[in-house]
Structure formats: structure tokens, C-alpha cells
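Here is the file upload-v3.txt (compact mmCIF, C-alpha atoms).
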# COMPACT_ATOMS: atom_id res chain seq x y z
CA MET D 154 25.54 -18.47 30.80
CA ASP D 155 22.23 -16.91 29.84
CA LYS D 156 20.52 -18.22 26.74
CA ILE D 157 17.40 -17.08 24.94
CA ILE D 158 15.28 -19.99 23.72
CA ILE D 159 12.97 -19.29 20.79
CA PHE D 160 9.66 -21.18 21.17
CA ASP D 161 7.53 -20.72 18.06
CA THR D 162 3.76 -21.31 18.02
CA THR D 163 3.05 -20.36 14.40
CA LEU D 164 1.87 -23.82 13.38
CA ARG D 165 -0.68 -24.00 16.20
CA ASP D 166 -1.59 -20.42 17.03
CA GLY D 167 -1.33 -19.24 13.44
CA GLU D 168 -4.47 -21.13 12.49
CA GLN D 169 -6.47 -19.40 15.22
CA ALA D 170 -6.76 -16.24 13.12
CA PRO D 171 -10.02 -15.91 11.17
CA GLY D 172 -9.71 -17.45 7.72
CA ALA D 173 -6.30 -18.96 8.39
CA SER D 174 -5.88 -22.57 7.36
CA LEU D 175 -2.77 -24.52 6.39
CA ASN D 176 -2.54 -27.90 4.71
CA GLN D 177 -0.02 -30.54 5.73
CA LYS D 178 2.56 -29.55 3.08
CA GLU D 179 2.35 -25.89 4.05
CA LYS D 180 2.84 -26.78 7.73
CA LEU D 181 5.87 -28.93 6.90
CA ASP D 182 7.32 -26.14 4.70
CA ILE D 183 6.90 -23.67 7.58
CA ALA D 184 8.49 -26.13 10.01
CA PHE D 185 11.53 -26.46 7.72
CA ALA D 186 11.74 -22.66 7.45
CA LEU D 187 11.61 -22.34 11.24
CA GLN D 188 14.34 -24.96 11.57
CA ASN D 189 16.47 -23.07 9.04
CA LEU D 190 15.94 -19.84 11.01
CA GLY D 191 17.35 -21.54 14.11
CA VAL D 192 14.17 -21.75 16.18
CA ASP D 193 14.80 -23.88 19.27
CA ALA D 194 11.29 -25.30 19.75
CA ILE D 195 8.26 -25.61 17.48
CA GLU D 196 4.78 -26.11 18.86
CA ALA D 197 3.58 -28.16 15.91
CA GLY D 198 -0.10 -28.46 16.79
CA PHE D 199 -2.89 -29.78 19.00
CA PRO D 200 -3.10 -33.45 17.90
CA VAL D 201 -6.35 -34.35 19.65
CA SER D 202 -8.23 -31.53 17.91
CA SER D 203 -8.52 -33.31 14.53
CA PRO D 204 -7.08 -36.17 12.48
CA GLY D 205 -5.41 -33.58 10.23
CA SER D 206 -3.69 -31.90 13.15
CA PHE D 207 -2.55 -35.28 14.49
CA GLU D 208 -1.05 -36.29 11.12
CA SER D 209 0.65 -32.91 10.66
CA VAL D 210 2.33 -33.09 14.06
CA LYS D 211 3.38 -36.67 13.36
CA LEU D 212 4.91 -35.72 9.98
CA ILE D 213 6.73 -32.72 11.42
CA ALA D 214 8.05 -34.85 14.30
CA LYS D 215 9.41 -37.36 11.81
CA GLU D 216 10.95 -34.87 9.34
CA ILE D 217 12.29 -31.99 11.45
CA LYS D 218 15.55 -32.90 13.17
CA ARG D 219 17.08 -30.03 15.13
CA PRO D 220 14.35 -28.18 17.05
CA ILE D 221 12.31 -29.56 19.91
CA ILE D 222 8.91 -30.58 18.52
CA CYS D 223 6.05 -29.88 20.93
CA ALA D 224 2.51 -31.18 20.78
CA LEU D 225 -0.12 -29.29 22.75
CA ALA D 226 -2.41 -31.15 25.16
CA ARG D 227 -4.95 -30.35 27.82
CA ALA D 228 -4.23 -31.99 31.18
CA ILE D 229 -6.43 -35.00 30.41
CA PRO D 230 -5.29 -38.52 29.49
CA LYS D 231 -6.89 -38.56 26.01
CA ASP D 232 -5.07 -35.39 24.95
CA ILE D 233 -1.75 -36.42 26.48
CA ASP D 234 -1.91 -39.80 24.75
CA ALA D 235 -2.67 -38.19 21.37
CA ALA D 236 0.18 -35.70 21.86
CA TYR D 237 2.57 -38.53 22.75
CA GLN D 238 1.54 -40.66 19.77
CA ALA D 239 1.93 -37.71 17.38
CA ALA D 240 5.28 -36.41 18.68
CA LYS D 241 7.07 -39.58 19.79
CA GLU D 242 9.17 -39.93 16.62
CA ALA D 243 10.75 -36.50 17.03
CA ARG D 244 14.44 -36.40 17.87
CA HIS D 245 13.52 -34.02 20.73
CA PRO D 246 9.81 -34.57 21.54
CA ARG D 247 7.86 -32.56 24.11
CA ILE D 248 4.28 -32.36 25.29
CA HIS D 249 3.11 -28.87 26.17
CA VAL D 250 0.30 -29.32 28.73
CA PHE D 251 -2.21 -26.63 29.64
Please rewrite the model in this file as C-alpha cells.
Amino acid sequence: MDKIIIFDTTLRDGEQAPGASLNQKEKLDIAFALQNLGVDAIEAGFPVSSPGSFESVKLIAKEIKRPIICALARAIPKDIDAAYQAAKEARHPRIHVF
């Protein structure tokens, strides 16, 4: 059976727009909204990029239960380790490597 999987990048890509910045509570609120909308996977952030991003991904991984929680990482050990440490508490953790 065919299935469409919704992979949302709002929490990572959304902050790439000029002037866009979200605090940890706003990111968690958005993650809960995405979960309530039925999104299958949430790319929660790029943990190695800053301590704030790391902590936001970690909080989302801990609090959000149904969707897959992805952490973005470059294909280098430092990034992959940070992504693992941030996302490991998710019920369905993933590392999205580029």
C-alpha cells in the first residue's frame, strides 16, 4: 500500500529566514502542534550548531511522543555525535545526515 510520509523541517529550516528566531518554548509549542496535525517526522534542529539548538532538540525528543524526531548532522563524527546525544531520548529517533 502506498503511503505519504510528512517530513516537516519548520523547526530547522524556519529559522533560516532573515529575522526568524524561535526560543525553546516556541519550538516545543510548534513541535506539539505538528504532532497534533499528524506529521510523521519532525526535523527538530541542527544540534552541533549551538548549545541552544542542542537543548531544543533534546527537549523535543523527550517531550514529543508520536512523530519521528530527526536531528540534522553533517557527515562528520562531531556532528553525528551531537545529533545522537540530542535525539537519543526520542521514542523514534533519527539522524538526518547531509
What's the separation between atom CA of Gly205 of chain D and atom CA of Gln238 of chain D, in Å to one decimal place?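 Computed distance, atom CA of Gly205 of chain D to atom CA of Gln238 of chain D, equals 13.8 Å.
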Compute the distance from (9.5, -36.9, 10.4) to each atom, counting all atoms listed in the file, keep the residues with any atom at most 10 Å away, and return them as number ranges by chain; use the coordinates of the file. D: 181, 209-218, 240, 242-244
Determine the nearest neighbour of His249 of chain D from the options D:Leu190, D:Ala224, D:Leu164, D:Ile233, counting only C-alpha atoms.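 So, comparing all the options, the nearest one is D:Ala224.
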Atom CA of Pro171 of chain D to atom CA of Phe207 of chain D measures 21.0 Å
Pick out the closest residue to Gln188 of chain D from this set: D:Ala239, D:Val250, D:Ile159, D:Ala228. Count all atoms listed in the file.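 Among D:Ala239, D:Val250, D:Ile159, D:Ala228, it is D:Ile159 that comes nearest to Gln188 of chain D.
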Restricting the calculation to all atoms listed in the file, which member of D:Ala173, D:Ala226, D:Ile157, D:Ile248 is positioned closest to Phe199 of chain D?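 Under the stated criterion, the closest residue is D:Ala226.
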Need the shell around Pro230 of chain D: protein/DNA/RNA residues with any atom at most 12 Å away, counting only C-alpha atoms. Skip same-chain ones fewer than 6 positions apart. Format as an MDAnalysis selection string? chainID D and resid 201 236:237 250
Pick the closest to Lys231 of chain D from D:Gly191, D:Pro200, D:Gly167, D:Gly172: which is it, counting all atoms listed in the file?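 Closest to Lys231 of chain D, using all atoms listed in the file: D:Pro200.
For the pair atom CA of Arg247 of chain D and atom CA of Met154 of chain D, the separation is 23.6 Å.
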Find the residue from D:Arg219, D:Thr163, D:Asp232, D:Val192 that sits nearest to Glu179 of chain D; use only C-alpha atoms when measuring.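 Under the stated criterion, the closest residue is D:Thr163.
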Report, as JSON, the axis-aligned box around all atoms of segment 209-215 of chain D present in the file, extended by 5 Å on each side; give centre and edge lengths in Å to one decimal place.
{"center_x": 5.0, "center_y": -35.0, "center_z": 12.1, "size_x": 18.8, "size_y": 14.6, "size_z": 14.3}
Taking 3 positions as the minimum chain separation for residues in the same chain, which residues sit within 10 Å of Asp166 of chain D when counting only C-alpha atoms? Answer as a list of chain:residue names. D:Asp161, D:Thr162, D:Thr163, D:Gln169, D:Ala170, D:Ala173, D:Glu196, D:Ala197, D:Gly198, D:Phe199
From the set D:Ile158, D:Ser206, D:Ala194, D:Pro220, which residue has the shortest atom-to-atom contact distance to Leu175 of chain D, counting only C-alpha atoms? D:Ser206
